[in-house]
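Student: I'm passing along final.pdb; it holds PDB, C-alpha atoms.
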ATOM      1  CA  GLN A  29     137.732 166.551 190.329
ATOM      2  CA  VAL A  30     141.002 165.040 191.518
ATOM      3  CA  GLN A  31     141.911 161.356 191.513
ATOM      4  CA  PHE A  32     144.726 159.707 193.438
ATOM      5  CA  VAL A  33     147.053 156.762 192.984
ATOM      6  CA  GLU A  34     149.059 155.784 196.032
ATOM      7  CA  SER A  35     152.212 153.654 195.849
ATOM      8  CA  GLY A  36     155.366 152.760 197.728
ATOM      9  CA  GLY A  37     153.998 150.547 200.463
ATOM     10  CA  GLY A  38     155.431 147.191 201.408
ATOM     11  CA  LEU A  39     156.679 144.951 204.184
ATOM     12  CA  VAL A  40     159.404 146.336 206.400
ATOM     13  CA  GLN A  41     160.891 145.458 209.757
ATOM     14  CA  ALA A  42     160.394 147.687 212.762
ATOM     15  CA  GLY A  43     162.847 150.567 212.659
ATOM     16  CA  GLY A  44     162.903 150.622 208.886
ATOM     17  CA  SER A  45     161.797 153.289 206.421
ATOM     18  CA  LEU A  46     159.422 153.653 203.504
ATOM     19  CA  ARG A  47     158.566 156.501 201.170
ATOM     20  CA  LEU A  48     154.990 156.637 199.942
ATOM     21  CA  SER A  49     153.963 158.503 196.816
ATOM     22  CA  CYS A  50     150.637 159.998 195.823
ATOM     23  CA  ALA A  51     150.106 160.871 192.173
ATOM     24  CA  ALA A  52     147.147 163.184 191.616
ATOM     25  CA  SER A  53     145.344 163.869 188.384
ATOM     26  CA  GLY A  54     143.451 167.083 187.741
ATOM     27  CA  SER A  55     144.554 170.644 187.296
ATOM     28  CA  THR A  56     143.217 171.826 190.648
ATOM     29  CA  PHE A  57     145.558 169.743 192.843
ATOM     30  CA  SER A  58     147.676 172.753 193.752
ATOM     31  CA  ILE A  59     144.822 174.736 195.323
ATOM     32  CA  TYR A  60     144.039 172.167 198.015
ATOM     33  CA  ALA A  61     145.621 171.464 201.338
ATOM     34  CA  MET A  62     146.423 167.761 201.220
ATOM     35  CA  ALA A  63     146.807 164.953 203.689
ATOM     36  CA  TRP A  64     147.835 161.378 204.216
ATOM     37  CA  TYR A  65     145.422 159.097 206.026
ATOM     38  CA  ARG A  66     145.652 155.509 207.187
ATOM     39  CA  GLN A  67     143.252 152.763 208.146
ATOM     40  CA  ALA A  68     144.290 149.793 210.193
ATOM     41  CA  PRO A  69     142.199 146.602 210.288
ATOM     42  CA  GLY A  70     139.109 147.082 212.423
ATOM     43  CA  LYS A  71     139.798 150.767 212.957
ATOM     44  CA  GLN A  72     138.504 154.000 211.496
ATOM     45  CA  ARG A  73     140.499 155.944 208.950
ATOM     46  CA  GLU A  74     142.680 158.541 210.659
ATOM     47  CA  LEU A  75     144.563 161.582 209.447
ATOM     48  CA  VAL A  76     148.308 161.077 209.711
ATOM     49  CA  ALA A  77     149.785 164.265 208.247
ATOM     50  CA  SER A  78     148.629 167.322 206.333
ATOM     51  CA  ILE A  79     150.270 170.079 204.322
ATOM     52  CA  GLY A  80     149.156 173.445 202.953
ATOM     53  CA  SER A  81     148.352 174.063 199.306
ATOM     54  CA  SER A  82     151.776 175.551 198.560
ATOM     55  CA  GLY A  83     153.688 173.416 201.030
ATOM     56  CA  GLY A  84     154.384 174.465 204.569
ATOM     57  CA  SER A  85     151.849 174.391 207.408
ATOM     58  CA  GLU A  86     152.614 170.736 208.050
ATOM     59  CA  ASN A  87     150.715 169.020 210.830
ATOM     60  CA  TYR A  88     151.189 165.524 212.165
ATOM     61  CA  ALA A  89     149.308 163.126 214.358
ATOM     62  CA  ASP A  90     151.034 162.762 217.705
ATOM     63  CA  SER A  91     151.685 159.097 216.965
ATOM     64  CA  VAL A  92     153.914 159.899 213.976
ATOM     65  CA  LYS A  93     155.402 163.254 214.943
ATOM     66  CA  GLY A  94     159.172 163.254 214.555
ATOM     67  CA  ARG A  95     159.132 160.085 212.442
ATOM     68  CA  PHE A  96     157.075 160.988 209.358
ATOM     69  CA  THR A  97     157.540 163.882 206.933
ATOM     70  CA  ILE A  98     154.944 165.049 204.415
ATOM     71  CA  ILE A  99     156.179 166.663 201.211
ATOM     72  CA  ARG A 100     154.361 167.925 198.134
ATOM     73  CA  ASP A 101     155.451 168.948 194.668
ATOM     74  CA  ASN A 102     152.729 170.770 192.748
ATOM     75  CA  ALA A 103     154.667 170.257 189.520
ATOM     76  CA  PRO A 104     153.871 167.492 188.839
ATOM     77  CA  ASN A 105     150.954 166.965 191.233
ATOM     78  CA  THR A 106     152.752 164.628 193.595
ATOM     79  CA  MET A 107     152.833 164.203 197.326
ATOM     80  CA  TYR A 108     155.074 162.013 199.465
ATOM     81  CA  LEU A 109     155.170 160.608 202.952
ATOM     82  CA  GLN A 110     158.632 159.761 204.236
ATOM     83  CA  MET A 111     158.239 157.290 207.075
ATOM     84  CA  ASN A 112     161.191 156.537 209.334
ATOM     85  CA  SER A 113     161.558 154.501 212.510
ATOM     86  CA  LEU A 114     158.497 152.487 211.590
ATOM     87  CA  LYS A 115     156.623 150.613 214.292
ATOM     88  CA  PRO A 116     154.248 147.629 214.055
ATOM     89  CA  GLU A 117     151.393 149.962 215.005
ATOM     90  CA  ASP A 118     152.012 151.879 211.763
ATOM     91  CA  THR A 119     150.673 148.876 209.860
ATOM     92  CA  ALA A 120     147.712 150.081 207.800
ATOM     93  CA  VAL A 121     146.508 150.980 204.337
ATOM     94  CA  TYR A 122     147.654 154.516 203.563
ATOM     95  CA  TYR A 123     145.614 156.928 201.443
ATOM     96  CA  CYS A 124     146.006 160.473 200.197
ATOM     97  CA  ASN A 125     143.235 163.008 199.759
ATOM     98  CA  SER A 126     142.562 166.640 200.382
ATOM     99  CA  ARG A 127     142.724 167.615 204.027
ATOM    100  CA  ALA A 128     138.937 167.744 204.029
ATOM    101  CA  GLY A 129     138.720 164.333 202.374
ATOM    102  CA  ARG A 130     136.514 165.776 199.668
ATOM    103  CA  PHE A 131     137.489 163.533 196.769
ATOM    104  CA  ALA A 132     136.927 159.867 196.010
ATOM    105  CA  TRP A 133     139.364 157.601 197.824
ATOM    106  CA  GLY A 134     142.001 155.736 195.867
ATOM    107  CA  GLN A 135     143.011 152.110 196.395
ATOM    108  CA  GLY A 136     145.596 153.036 198.959
ATOM    109  CA  THR A 137     148.933 151.338 199.547
ATOM    110  CA  GLN A 138     149.504 148.672 202.187
ATOM    111  CA  VAL A 139     152.229 149.216 204.770
ATOM    112  CA  THR A 140     153.080 146.277 206.983
ATOM    113  CA  VAL A 141     155.661 146.616 209.744
ATOM    114  CA  SER A 142     156.897 143.409 211.325
ATOM    115  CA  PRO A 143     158.222 143.309 214.908
TER     116      PRO A 143
END
In structure tokens, write the structure found in this file.
Tutor:
Amino acid sequence: QVQFVESGGGLVQAGGSLRLSCAASGSTFSIYAMAWYRQAPGKQRELVASIGSSGGSENYADSVKGRFTIIRDNAPNTMYLQMNSLKPEDTAVYYCNSRAGRFAWGQGTQVTVSP
């Protein structure tokens, strides 16, 4: 089993940047492809970016392509989401999980982008 703690969210103006962190517990973190997801108010959770188990094979939602970068460090079980050129429509709670979403969801971290 793997558990996640997301951090790094906050309030930022449009055009600004944030770096989210995902700390994972459990010795099996490194065998899973991982992803960042987000859920805006009144909307379904969506996959934002994913990365292969050893890094590489990054994929991004069209809405964030060119602005967000997903990074992982298997020692020590950490994943990041570098978010640049933020837009108000990026406002959401951001979560990390395996790419298949197989583990329990953490609390997430709130990102709010003001116009």
Student: Name the residues that the PyMOL selection byres ((chain A and resi 135) around 12) picks from the file above, as a PyMOL selection string, using the file's chain letters and numbers.
Tutor: chain A and resi 31-35+37+50+66-67+121-125+132-134+136-138
Student: Please identify all polymer residues within 9 Å of Val139 of chain A, counting only C-alpha atoms, omitting same-chain residues fewer than 3 positions from it, and present them as a compact mmCIF listing (two decimals) with C-alpha atoms, keeping the file's coordinate frame.
Tutor:
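Done, and the output landed in selection_34.txt:
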# COMPACT_ATOMS: atom_id res chain seq x y z
CA GLY A 36 155.37 152.76 197.73
CA GLY A 37 154.00 150.55 200.46
CA GLY A 38 155.43 147.19 201.41
CA LEU A 39 156.68 144.95 204.18
CA VAL A 40 159.40 146.34 206.40
CA LEU A 46 159.42 153.65 203.50
CA ASP A 118 152.01 151.88 211.76
CA THR A 119 150.67 148.88 209.86
CA ALA A 120 147.71 150.08 207.80
CA VAL A 121 146.51 150.98 204.34
CA TYR A 122 147.65 154.52 203.56
Student: Check what the PyMOL selection byres ((chain A and resi 42) around 9) selects in the file above and give those residues as a PyMOL selection string.
Tutor: chain A and resi 40-41+43-45+113-116+141-143
Student: Quick check on the file I pasted: which residues fall under the PyMOL selection byres ((chain A and resi 60) around 12)? Write them as an NGL selection string.
Tutor: :A and (29-30 or 52 or 54-59 or 61-63 or 78-83 or 100 or 102 or 105 or 107 or 125-131)
Student: Report as a count of residues only all protein, DNA and RNA residues lying within 9 Å of segment 93-95 of chain A, evaluated on all atoms listed in the file, omitting residues in the same chain fewer than 6 positions from it.
Tutor: 7
Student: Edge lengths and centre, in Å to one decimal, as AutoDock Vina command-line options: that's what I need for the box along x, y and z that holds all listed atoms of segment 38-49 of chain A plus 5 Å on each side.
Tutor:
--center_x 158.4 --center_y 151.7 --center_z 204.8 --size_x 18.9 --size_y 23.6 --size_z 25.9
Student: Rounded to one decimal, what separation in Å do you get between atom CA of Gly70 of chain A and atom CA of Phe96 of chain A?
Tutor: 22.9 Å
Student: Which distance in Å separates atom CA of Glu86 of chain A and atom CA of Arg73 of chain A, to one decimal?
Tutor: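 Atom-to-atom, atom CA of Glu86 of chain A and atom CA of Arg73 of chain A are spaced 19.1 Å apart.
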Student: State, in Å with one decimal place, the distance from atom CA of Lys71 of chain A to atom CA of Ser53 of chain A.
Tutor: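 Interatomic distance here is 28.4 Å.
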Student: Let me make sure I understand: among A:Leu109, A:Ile99, A:Ala89, A:Leu48, which one has the smallest atom-to-atom distance to Leu75 of chain A if we use all atoms listed in the file?
Tutor: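 Result for the nearest residue to Leu75 of chain A: A:Ala89.
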Student: Smallest atom-to-atom distance to Glu117 of chain A: which of A:Pro104, A:Ile98, A:Ser85, A:Val92, using all atoms listed in the file?
Tutor: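 Closest candidate: A:Val92.
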